[in-house]
$ cat coords.txt   # compact mmCIF, C-alpha atoms and all ligand atoms
# COMPACT_ATOMS: atom_id res chain seq x y z
CA MET A 22 64.69 109.37 25.43
CA HIS A 23 62.88 112.55 24.38
CA ARG A 24 61.31 112.34 20.89
CA SER A 25 63.31 115.24 19.46
CA THR A 26 66.59 113.75 20.80
CA ASP A 27 65.57 110.44 19.22
CA ASN A 28 64.94 112.23 15.97
CA ALA A 29 68.25 114.08 16.05
CA THR A 30 70.10 110.79 16.75
CA ARG A 31 68.28 109.09 13.88
CA CYS A 32 69.14 111.90 11.43
CA THR A 33 72.78 111.91 12.52
CA ARG A 34 72.94 108.15 11.95
CA LEU A 35 71.33 108.60 8.52
CA ARG A 36 73.73 111.38 7.51
CA GLN A 37 76.64 109.19 8.62
CA ARG A 38 75.43 106.29 6.49
CA VAL A 39 74.99 108.56 3.44
CA GLY A 40 78.39 110.15 4.13
CA ALA A 41 80.07 106.73 4.41
CA GLU A 42 78.70 105.63 1.01
CA ILE A 43 79.87 108.87 -0.56
CA ASP A 44 83.32 108.57 1.03
CA GLN A 45 83.68 105.06 -0.30
CA ALA A 46 82.54 105.83 -3.86
CA GLY A 47 83.50 109.51 -4.20
CA SER A 48 79.91 110.35 -5.13
CA ILE A 49 76.53 108.60 -5.41
CA SER A 50 73.67 109.02 -7.88
CA PHE A 51 70.81 111.24 -6.77
CA ALA A 52 68.51 108.19 -6.97
CA ARG A 53 70.71 106.43 -4.39
CA PHE A 54 70.77 109.56 -2.21
CA MET A 55 66.94 109.79 -2.33
CA GLU A 56 66.65 106.06 -1.60
CA LEU A 57 68.80 106.43 1.53
CA ALA A 58 67.18 109.68 2.71
CA LEU A 59 63.64 108.32 2.45
CA TYR A 60 63.91 104.54 2.77
CA GLU A 61 67.12 103.54 4.58
CA PRO A 62 65.99 100.86 7.08
CA GLU A 63 65.05 102.38 10.46
CA CYS A 64 66.39 105.86 9.82
CA GLY A 65 64.94 107.05 6.48
CA TYR A 66 62.22 109.71 6.47
CA TYR A 67 59.48 107.22 5.53
CA THR A 68 60.88 104.00 6.95
CA SER A 69 61.42 105.47 10.42
CA GLY A 70 57.90 106.91 10.44
CA ALA A 71 59.25 110.45 10.88
CA VAL A 72 56.82 111.59 8.18
CA GLU A 73 53.77 113.42 9.51
CA PHE A 74 50.87 113.81 7.11
CA GLY A 75 48.11 116.39 7.36
CA THR A 76 47.66 119.99 8.38
CA GLY A 77 49.80 119.62 11.52
CA GLY A 78 52.53 117.68 9.68
CA ASP A 79 54.98 118.24 6.82
CA PHE A 80 52.56 118.24 3.88
CA VAL A 81 48.92 117.54 3.08
CA THR A 82 47.86 114.96 0.51
CA ALA A 83 44.35 114.98 -0.96
CA PRO A 84 42.97 112.17 1.27
CA GLU A 85 44.37 113.95 4.33
CA LEU A 86 42.76 117.23 3.26
CA THR A 87 39.18 116.02 3.09
CA PRO A 88 37.13 112.79 2.99
CA LEU A 89 35.47 114.21 -0.16
CA PHE A 90 38.48 112.93 -2.13
CA ALA A 91 37.95 109.31 -1.05
CA GLY A 92 34.18 109.75 -1.33
CA SER A 93 34.48 110.77 -4.95
CA LEU A 94 37.14 108.15 -5.81
CA ALA A 95 34.90 105.48 -4.27
CA ARG A 96 32.37 106.07 -7.06
CA GLN A 97 34.97 105.12 -9.67
CA CYS A 98 36.00 102.08 -7.62
CA ALA A 99 32.37 100.97 -7.22
CA GLU A 100 31.77 101.26 -10.96
CA VAL A 101 34.85 99.14 -11.76
CA LEU A 102 34.06 96.53 -9.09
CA GLU A 103 30.53 96.23 -10.43
CA TYR A 104 31.79 95.82 -14.00
CA LEU A 105 34.23 93.11 -12.86
CA GLY A 106 31.54 91.32 -10.88
CA GLY A 107 33.52 91.93 -7.67
CA GLY A 108 37.22 92.00 -6.89
CA GLU A 109 39.74 93.40 -4.50
CA ILE A 110 41.59 96.65 -3.97
CA LEU A 111 45.36 96.90 -3.64
CA GLU A 112 46.58 100.29 -2.44
CA VAL A 113 50.29 101.01 -2.88
CA GLY A 114 52.02 103.48 -0.56
CA ALA A 115 49.10 104.10 1.76
CA GLY A 116 50.61 106.77 4.05
CA SER A 117 48.57 107.07 7.24
CA GLY A 118 45.83 104.72 5.94
CA VAL A 119 43.24 107.47 5.85
CA LEU A 120 42.39 106.98 2.16
CA ALA A 121 41.74 103.27 2.78
CA ARG A 122 39.50 104.00 5.77
CA GLU A 123 37.43 106.70 4.05
CA LEU A 124 37.21 104.77 0.79
CA LEU A 125 35.95 101.64 2.52
CA GLY A 126 33.44 103.72 4.48
CA GLU A 127 32.01 105.18 1.27
CA LEU A 128 32.09 101.82 -0.56
CA ALA A 129 30.07 100.34 2.32
CA ARG A 130 27.49 103.14 1.92
CA LEU A 131 27.39 102.40 -1.83
CA ASP A 132 27.02 98.69 -1.06
CA SER A 133 30.12 97.98 -3.15
CA LEU A 134 32.72 96.69 -0.74
CA PRO A 135 35.66 94.82 -2.28
CA LEU A 136 36.31 91.21 -1.27
CA ARG A 137 39.55 92.28 0.37
CA TYR A 138 41.68 95.44 0.84
CA ARG A 139 45.40 94.91 0.58
CA ILE A 140 48.16 97.44 1.13
CA LEU A 141 51.66 97.29 -0.24
CA GLU A 142 53.74 99.65 1.88
CA ARG A 143 57.52 99.97 2.09
CA SER A 144 57.67 101.55 5.50
CA PRO A 145 57.27 99.24 8.54
CA ALA A 146 56.38 102.24 10.71
CA LEU A 147 53.64 103.29 8.28
CA ARG A 148 52.33 99.72 8.04
CA ALA A 149 51.77 99.85 11.80
CA ARG A 150 50.12 103.28 11.52
CA GLN A 151 47.83 102.03 8.75
CA ALA A 152 46.84 98.94 10.75
CA ALA A 153 45.79 101.21 13.64
CA THR A 154 43.76 103.44 11.28
CA LEU A 155 42.02 100.41 9.74
CA ARG A 156 41.25 98.56 13.00
CA GLN A 157 37.50 98.79 12.53
CA VAL A 158 36.89 98.33 8.82
CA GLU A 159 34.41 95.72 7.63
CA VAL A 160 36.48 93.88 5.00
CA PRO A 161 39.52 91.63 5.41
CA THR A 162 42.73 93.65 5.22
CA GLU A 163 46.22 92.43 4.51
CA TRP A 164 49.67 94.03 4.26
CA LEU A 165 52.15 93.04 1.59
CA GLN A 166 55.86 93.72 1.51
CA ALA A 167 56.27 92.86 -2.17
CA ALA A 168 54.08 92.96 -5.27
CA PRO A 169 51.35 90.26 -5.37
CA ASP A 170 52.54 86.86 -6.55
CA GLN A 171 49.08 85.36 -7.11
CA PRO A 172 46.58 86.31 -9.81
CA PHE A 173 43.86 88.77 -8.77
CA THR A 174 41.06 90.91 -10.19
CA GLY A 175 40.18 94.43 -9.10
CA LEU A 176 41.81 97.82 -8.64
CA ILE A 177 45.30 99.03 -7.85
CA LEU A 178 45.38 102.53 -6.33
CA ALA A 179 48.49 104.71 -6.09
CA ASN A 180 48.04 108.20 -4.67
CA GLU A 181 51.32 110.14 -4.61
CA LEU A 182 53.38 106.98 -4.99
CA PHE A 183 55.32 107.66 -8.18
CA ASP A 184 56.52 111.11 -7.05
CA ALA A 185 58.17 109.37 -4.08
CA LEU A 186 60.20 106.87 -6.14
CA PRO A 187 63.94 107.65 -6.21
CA CYS A 188 64.84 109.36 -9.50
CA HIS A 189 68.00 110.46 -11.29
CA ARG A 190 68.86 114.10 -11.87
CA VAL A 191 70.50 115.29 -15.08
CA ARG A 192 71.81 118.60 -16.45
CA MET A 193 72.42 119.68 -20.04
CA ARG A 194 76.09 120.23 -20.89
CA SER A 195 77.35 120.68 -24.46
CA GLU A 196 74.28 119.04 -26.00
CA HIS A 197 74.26 116.01 -23.69
CA PHE A 198 72.43 115.29 -20.47
CA CYS A 199 75.04 114.61 -17.77
CA GLU A 200 74.26 113.11 -14.40
CA LEU A 201 74.10 115.30 -11.31
CA ARG A 202 75.52 113.22 -8.50
CA VAL A 203 75.84 113.84 -4.78
CA GLY A 204 79.22 114.28 -3.15
CA SER A 205 80.30 115.85 0.11
CA GLU A 206 82.49 118.77 1.04
CA ALA A 207 83.44 119.91 4.52
CA GLY A 208 80.69 117.77 6.04
CA HIS A 209 77.94 119.05 3.71
CA PHE A 210 76.31 117.20 0.84
CA ARG A 211 76.95 118.92 -2.49
CA TRP A 212 75.88 118.44 -6.13
CA GLN A 213 78.66 117.08 -8.29
CA ALA A 214 78.75 117.07 -12.10
CA GLY A 215 78.92 113.53 -13.48
CA ALA A 216 79.45 111.96 -16.89
CA VAL A 217 77.00 111.81 -19.81
CA PHE A 218 73.98 109.83 -18.59
CA ALA A 219 73.06 107.43 -21.40
CA PRO A 220 69.43 106.71 -20.30
CA ALA A 221 68.67 110.45 -20.64
CA ALA A 222 69.58 110.50 -24.35
CA GLU A 223 65.92 109.74 -25.17
CA LEU A 224 64.97 113.18 -23.78
CA LEU A 225 67.02 115.01 -26.40
CA ARG A 226 64.29 114.82 -29.04
CA TRP A 227 62.08 116.95 -26.77
CA GLY A 228 64.63 119.80 -26.94
CA PRO A 229 66.45 121.94 -27.79
CA PHE A 230 67.67 122.50 -24.23
CA THR A 231 69.96 125.31 -23.15
CA ASP A 232 73.16 124.51 -21.26
CA GLY A 233 72.36 124.12 -17.57
CA TYR A 234 68.80 122.85 -18.18
CA THR A 235 68.11 120.43 -15.33
CA THR A 236 65.47 117.74 -14.99
CA GLU A 237 64.66 114.42 -13.34
CA LEU A 238 64.46 110.97 -14.85
CA ASN A 239 62.45 108.29 -13.06
CA LEU A 240 63.85 104.92 -14.05
CA GLN A 241 61.99 103.03 -11.31
CA MET A 242 58.50 103.82 -12.57
CA GLN A 243 58.45 101.13 -15.26
CA PRO A 244 59.75 98.20 -13.14
CA CYS A 245 57.51 99.29 -10.27
CA LEU A 246 54.36 99.39 -12.42
CA GLN A 247 55.37 96.15 -14.16
CA ALA A 248 55.71 94.32 -10.84
CA LEU A 249 52.51 95.77 -9.37
CA SER A 250 50.35 94.84 -12.33
CA ALA A 251 51.97 91.52 -13.32
CA GLN A 252 49.31 89.46 -11.51
CA LEU A 253 46.35 91.70 -12.33
CA GLN A 254 44.15 89.49 -14.51
CA ARG A 255 41.38 92.03 -15.09
CA GLY A 256 40.95 95.48 -13.67
CA LEU A 257 42.26 99.01 -13.38
CA VAL A 258 45.35 100.76 -12.08
CA LEU A 259 44.55 104.31 -10.97
CA CYS A 260 47.55 106.61 -10.51
CA LEU A 261 46.97 110.01 -8.90
CA ASP A 262 49.89 112.37 -8.59
CA TYR A 263 51.32 115.76 -9.44
CA GLY A 264 52.99 116.05 -12.78
CA TYR A 265 52.66 116.84 -16.46
CA PRO A 266 52.64 115.29 -19.92
CA ARG A 267 56.24 115.15 -21.20
CA ALA A 268 56.14 118.24 -23.39
CA GLU A 269 55.14 120.28 -20.32
CA TYR A 270 57.46 118.36 -18.00
CA LEU A 271 60.39 119.36 -20.19
CA HIS A 272 59.12 122.88 -20.87
CA PRO A 273 61.80 125.62 -20.84
CA GLU A 274 60.12 127.20 -17.80
CA ARG A 275 61.00 124.10 -15.73
CA SER A 276 64.71 124.57 -16.38
CA MET A 277 65.63 123.77 -12.77
CA GLY A 278 63.68 120.52 -12.68
CA THR A 279 60.76 119.54 -10.50
CA LEU A 280 62.24 118.49 -7.16
CA LEU A 281 60.09 119.48 -4.22
CA CYS A 282 60.95 118.95 -0.55
CA HIS A 283 58.55 119.48 2.34
CA HIS A 284 59.18 120.04 6.01
CA SER A 285 56.56 121.53 8.35
CA HIS A 286 54.61 122.90 5.36
CA THR A 287 57.67 124.70 4.04
CA ALA A 288 58.57 123.77 0.47
CA THR A 289 62.10 124.02 -0.91
CA ALA A 290 63.85 122.61 -3.97
CA ASP A 291 66.95 121.57 -1.99
CA PRO A 292 67.00 117.86 -1.15
CA LEU A 293 70.55 117.97 0.24
CA ILE A 294 69.56 119.72 3.48
CA ARG A 295 67.54 118.41 6.44
CA VAL A 296 68.34 114.84 5.40
CA GLY A 297 65.85 112.51 7.09
CA GLU A 298 63.66 115.38 8.26
CA GLN A 299 62.05 116.34 4.97
CA ASP A 300 60.12 114.68 2.19
CA ILE A 301 61.74 114.59 -1.26
CA SER A 302 59.66 114.21 -4.40
CA ALA A 303 59.76 114.86 -8.14
CA SER A 304 56.79 115.53 -10.41
CA VAL A 305 55.59 112.62 -12.52
CA ASP A 306 56.20 112.56 -16.27
CA PHE A 307 52.78 111.16 -17.21
CA THR A 308 53.90 110.34 -20.76
CA ARG A 309 56.57 108.10 -19.21
CA LEU A 310 53.90 106.54 -16.97
CA ALA A 311 51.66 105.80 -19.98
CA GLU A 312 54.65 104.25 -21.80
CA ALA A 313 55.46 102.20 -18.70
CA GLY A 314 51.84 101.00 -18.69
CA GLU A 315 52.05 99.98 -22.33
CA GLN A 316 55.26 98.04 -21.67
CA ALA A 317 53.50 96.31 -18.80
CA GLY A 318 50.69 95.26 -21.14
CA LEU A 319 48.16 97.76 -19.78
CA GLU A 320 45.86 99.90 -21.88
CA LEU A 321 45.61 103.63 -21.34
CA CYS A 322 41.96 104.13 -20.33
CA GLY A 323 41.92 107.79 -19.28
CA TYR A 324 43.95 110.83 -18.27
CA ALA A 325 42.52 113.94 -16.65
CA SER A 326 43.26 116.65 -14.15
CA GLN A 327 42.30 115.75 -10.58
CA ALA A 328 39.47 118.30 -10.77
CA GLY A 329 38.15 116.81 -14.04
CA PHE A 330 38.37 113.30 -12.64
CA LEU A 331 36.67 114.03 -9.29
CA LEU A 332 33.89 116.02 -10.93
CA GLY A 333 33.40 113.16 -13.41
CA CYS A 334 33.08 110.70 -10.51
CA GLY A 335 30.74 113.03 -8.64
CA ILE A 336 31.27 114.78 -5.29
CA PRO A 337 29.37 113.17 -2.43
CA GLU A 338 26.75 115.40 -0.79
CA PRO A 339 26.51 117.16 1.58
CA VAL A 340 29.73 119.14 1.28
CA ALA A 341 30.49 120.33 4.79
CA ASP A 342 33.93 121.77 4.14
CA ARG A 343 33.75 124.08 1.12
CA ALA A 344 37.28 125.44 1.64
CA ALA A 345 38.72 121.91 1.36
CA LEU A 346 36.63 121.25 -1.75
CA ARG A 347 38.01 124.41 -3.36
CA GLN A 348 41.56 123.33 -2.49
CA LEU A 349 40.87 119.92 -4.05
CA LEU A 350 39.38 121.27 -7.28
CA LEU A 351 40.68 124.73 -8.06
CA PRO A 352 43.67 125.25 -10.39
CA GLY A 353 45.56 127.20 -7.70
CA GLY A 354 45.12 124.23 -5.31
CA MET A 355 45.37 120.57 -6.29
CA GLY A 356 42.83 120.66 -9.12
CA GLU A 357 45.14 121.12 -12.11
CA ARG A 358 48.60 120.36 -10.72
CA PHE A 359 47.42 116.86 -9.80
CA GLN A 360 46.53 114.45 -12.56
CA VAL A 361 44.85 111.08 -12.72
CA MET A 362 45.78 108.27 -15.11
CA ALA A 363 43.87 105.02 -15.54
CA LEU A 364 45.62 101.96 -16.99
CA GLY A 365 43.48 98.90 -17.55
CA ARG A 366 43.62 95.24 -18.34
CA ASP A 367 40.62 93.77 -20.09
CA MET A 368 38.57 96.83 -19.12
CA ASP A 369 36.21 97.37 -22.02
CA ARG A 370 34.12 100.03 -20.31
CA ALA A 371 33.92 103.83 -20.21
CA LEU A 372 34.95 105.21 -16.81
CA CYS A 373 32.90 107.84 -14.98
CA GLY A 374 36.08 109.65 -13.82
CA PHE A 375 36.89 110.58 -17.40
CA SER A 376 33.35 111.35 -18.54
CA ARG A 377 33.86 115.13 -18.25
CA GLN A 378 37.46 115.39 -19.33
CA ASP A 379 39.91 113.07 -21.03
CA TYR A 380 43.31 114.47 -21.92
CA ARG A 381 44.90 111.36 -23.45
CA TRP A 382 45.70 113.41 -26.57
CA ARG A 383 48.04 115.64 -24.51
CA LEU A 384 50.46 112.81 -23.68
C1 LIG B 401 53.92 110.75 -0.51
S1 LIG B 401 53.44 109.38 0.45
C2 LIG B 401 51.73 109.25 -0.02
C3 LIG B 401 50.90 108.58 1.04
C4 LIG B 401 49.40 108.38 0.73
N1 LIG B 401 49.18 107.66 -0.50
C5 LIG B 401 48.66 109.71 0.71
O1 LIG B 401 48.26 110.13 -0.37
O2 LIG B 401 48.48 110.32 1.78
C6 LIG B 401 54.24 108.02 -0.35
C7 LIG B 401 53.93 106.66 0.25
O3 LIG B 401 54.43 105.63 -0.61
C8 LIG B 401 55.20 104.69 0.16
N2 LIG B 401 56.12 104.06 -0.79
C9 LIG B 401 57.13 104.63 -1.47
N3 LIG B 401 57.69 103.76 -2.33
C10 LIG B 401 57.00 102.60 -2.22
C11 LIG B 401 57.08 101.34 -2.86
N4 LIG B 401 58.00 101.09 -3.80
N5 LIG B 401 56.19 100.38 -2.50
C12 LIG B 401 55.26 100.63 -1.57
N6 LIG B 401 55.14 101.81 -0.91
C13 LIG B 401 55.98 102.79 -1.24
C14 LIG B 401 55.78 105.55 1.25
O4 LIG B 401 56.27 104.83 2.35
C15 LIG B 401 54.54 106.39 1.60
O5 LIG B 401 53.61 105.67 2.37

$ encode --input "coords.txt" --output "structure tokens" --more "lines below"
Ligand SMILES: C[S@@+](CC[C@H](N)C(=O)[O-])C[C@H]1O[C@@H](n2cnc3c(N)ncnc32)[C@H](O)[C@@H]1O
Amino acid sequence: MHRSTDNATRCTRLRQRVGAEIDQAGSISFARFMELALYEPECGYYTSGAVEFGTGGDFVTAPELTPLFAGSLARQCAEVLEYLGGGEILEVGAGSGVLARELLGELARLDSLPLRYRILERSPALRARQAATLRQVEVPTEWLQAAPDQPFTGLILANELFDALPCHRVRMRSEHFCELRVGSEAGHFRWQAGAVFAPAAELLRWGPFTDGYTTELNLQMQPCLQALSAQLQRGLVLCLDYGYPRAEYLHPERSMGTLLCHHSHTATADPLIRVGEQDISASVDFTRLAEAGEQAGLELCGYASQAGFLLGCGIPEPVADRAALRQLLLPGGMGERFQVMALGRDMDRALCGFSRQDYRWRL
């Protein structure tokens, strides 16, 4: 069958599955809708492998933009591996595998290869894509389908993972945050006002919020981080993503929330259209991530903008692609919108990535 026919069939099947759940329950939470749209077995946007990364695809992540990102990040990894006396790297949500490939290339040049590179990836189609990308690397590689169940030492890397976790959506109504659920009407998915959403009560102290103020609440971040780091004996979790400290996340200017959907480099804030054909993400509340780290027994070791972090690590020379470097570092590109947080266990060492800038006080 032709690829676009395949794709249309897959999306129809996905919409039918979402529609059937809605018909049965009347409405579903936005977190459930996002789960189905991105990760429903075989037909979700990520699980089916419909996602295309890079300049010819739906959206560009930093490792897809330029190898300078991995080259710079490798310096932080090398420093940590040296401090630990060796260890392994676990990357979570590895996309096309390009970060792993470039990182291992640079770590080989720095003579700091990890003992092993493991990837935890939800999407079977992406696991296959990653294996193809990593065919020729020099260290043992392994794919996991669940968080590690054996003790290990080293680094956990998550680039644009937390923005892709299904989140809830809430809207202020008469001084309470009520859930925004997804229903359907005449064959189209529609937002539906739900009841007061108890887990969002904790946000009220960051107000006041005007009626209609809408935001996202990521309840999966904590259990996800907890599971990922449970077996980390010593080492560092590095989370790179777009987002804000909570006071900025819940700023009045973000009154319509932070949802962002990408399809063929077009960004919209409407996740209820193009189901299965577009990415859906929400910015990361980095204060929530730091709290999740604390609950998981991790220590907050650093927080900086992506630009501050990469410059602290050092940019590998020579820089062939200056336009990509600008995109990586400048505030109008990924430099300020993207942030880096380091959470450590038994890591009594200053980190080069935060040597120029450390914003922990902003959280
Ligand atoms: C936005 S993409 C980022 C890909 C890559 N890190 C990059 O920067 O190009 C999100 C990735 O996380 C994966 N993912 C989402 N939730 C996951 C989970 N709970 N465990 C493992 N992988 C997950 C997706 O399948 C996808 O590979």

$ closest_residue --input "coords.txt" --among "A:Pro220, A:Pro187, A:Pro352, A:Gly335" --to "Ser304 of chain A" --atoms "all atoms listed in the file"
A:Pro187

$ closest_residue --input "coords.txt" --among "A:Leu350, A:Ala290, A:Leu384, A:Ala341" --to "Tyr265 of chain A" --atoms "all atoms listed in the file"
A:Leu384

$ closest_residue --input "coords.txt" --among "A:Phe54, A:Tyr60, A:Tyr66, A:Phe307" --to "Leu364 of chain A" --atoms "only C-alpha atoms"
A:Phe307

$ residues_near_point --input "coords.txt" --point "(46.6, 107.1, -11.4)" --cutoff "8 Å" --atoms "all atoms listed in the file" --output "count of residues only"
13

$ residues_near_ligand --input "coords.txt" --ligand "ligand LIG 401 (chain B)" --cutoff "8 Å" --atoms "all atoms listed in the file" --output "MDAnalysis selection string"
chainID A and resid 60 67:68 74 81:85 113:120 141:144 147 166:167 179:186 245 300 302

$ residues_near_point --input "coords.txt" --point "(24.2, 103.3, -1.3)" --cutoff "12 Å" --atoms "all atoms listed in the file" --output "list of chain:residue names"
A:Gly92, A:Ala95, A:Arg96, A:Ala99, A:Gly126, A:Glu127, A:Leu128, A:Ala129, A:Arg130, A:Leu131, A:Asp132, A:Ser133, A:Leu134, A:Pro337

$ atom_distance --input "coords.txt" --atom1 "atom CA of Ile49 of chain A" --atom2 "atom CA of Val203 of chain A"
5.3 Å

$ closest_residue --input "coords.txt" --among "A:Glu315, A:Gly297, A:Leu136, A:Leu346" --to "Glu56 of chain A" --atoms "all atoms listed in the file"
A:Gly297

$ closest_residue --input "coords.txt" --among "A:Gly70, A:Pro169, A:Gly108, A:Gly215" --to "Ser50 of chain A" --atoms "only C-alpha atoms"
A:Gly215

$ atom_distance --input "coords.txt" --atom1 "atom CA of Pro145 of chain A" --atom2 "atom CA of Gly314 of chain A"
27.8 Å

$ residues_around --input "coords.txt" --residues "Gln378 of chain A" --least-positions-apart "4" --cutoff "9 Å" --atoms "only C-alpha atoms" --output "PDB file with C-alpha atoms, keeping the file's coordinate frame"
ATOM      1  CA  GLY A 323      41.920 107.790 -19.280  1.00  0.00           C
ATOM      2  CA  TYR A 324      43.950 110.830 -18.270  1.00  0.00           C
ATOM      3  CA  ALA A 325      42.520 113.940 -16.650  1.00  0.00           C
ATOM      4  CA  SER A 326      43.260 116.650 -14.150  1.00  0.00           C
ATOM      5  CA  GLY A 329      38.150 116.810 -14.040  1.00  0.00           C
ATOM      6  CA  PHE A 330      38.370 113.300 -12.640  1.00  0.00           C
ATOM      7  CA  GLY A 333      33.400 113.160 -13.410  1.00  0.00           C
ATOM      8  CA  GLY A 374      36.080 109.650 -13.820  1.00  0.00           C
TER       9      GLY A 374
END

$ closest_residue --input "coords.txt" --among "A:Leu111, A:Leu57, A:Leu124, A:Leu321" --to "Ser93 of chain A" --atoms "all atoms listed in the file"
A:Leu124

$ atom_distance --input "coords.txt" --atom1 "atom CA of Ala313 of chain A" --atom2 "atom CA of Ala146 of chain A"
29.4 Å

$ closest_atom_pairs --input "coords.txt" --of "segment 106-196 of chain A" --to "segment 227-238 of chain A" --cutoff "8 Å" --atoms "all atoms listed in the file" --output "CSV"
residue,atom,partner,partner_atom,distance
A:Cys188,CA,A:Leu238,CA,5.6
A:His189,CA,A:Leu238,CA,5.0
A:Arg190,CA,A:Glu237,CA,4.5
A:Val191,CA,A:Thr236,CA,5.6
A:Arg192,CA,A:Thr235,CA,4.3
A:Met193,CA,A:Asp232,CA,5.0
A:Arg194,CA,A:Asp232,CA,5.2
A:Ser195,CA,A:Asp232,CA,6.5
A:Glu196,CA,A:Asp232,CA,7.3

$ residues_around --input "coords.txt" --residues "Asp367 of chain A" --least-positions-apart "2" --cutoff "10 Å" --atoms "only C-alpha atoms" --output "list in words"
Leu105, Leu253, Gln254, Arg255, Gly256, Leu257, Leu319, Glu320, Gly365, Asp369 and Arg370 of chain A

$ residues_around --input "coords.txt" --residues "His284 of chain A" --least-positions-apart "3" --cutoff "10 Å" --atoms "all atoms listed in the file" --output "ChimeraX atom specification"
/A:72-73,78-80,287-289,295,298-301
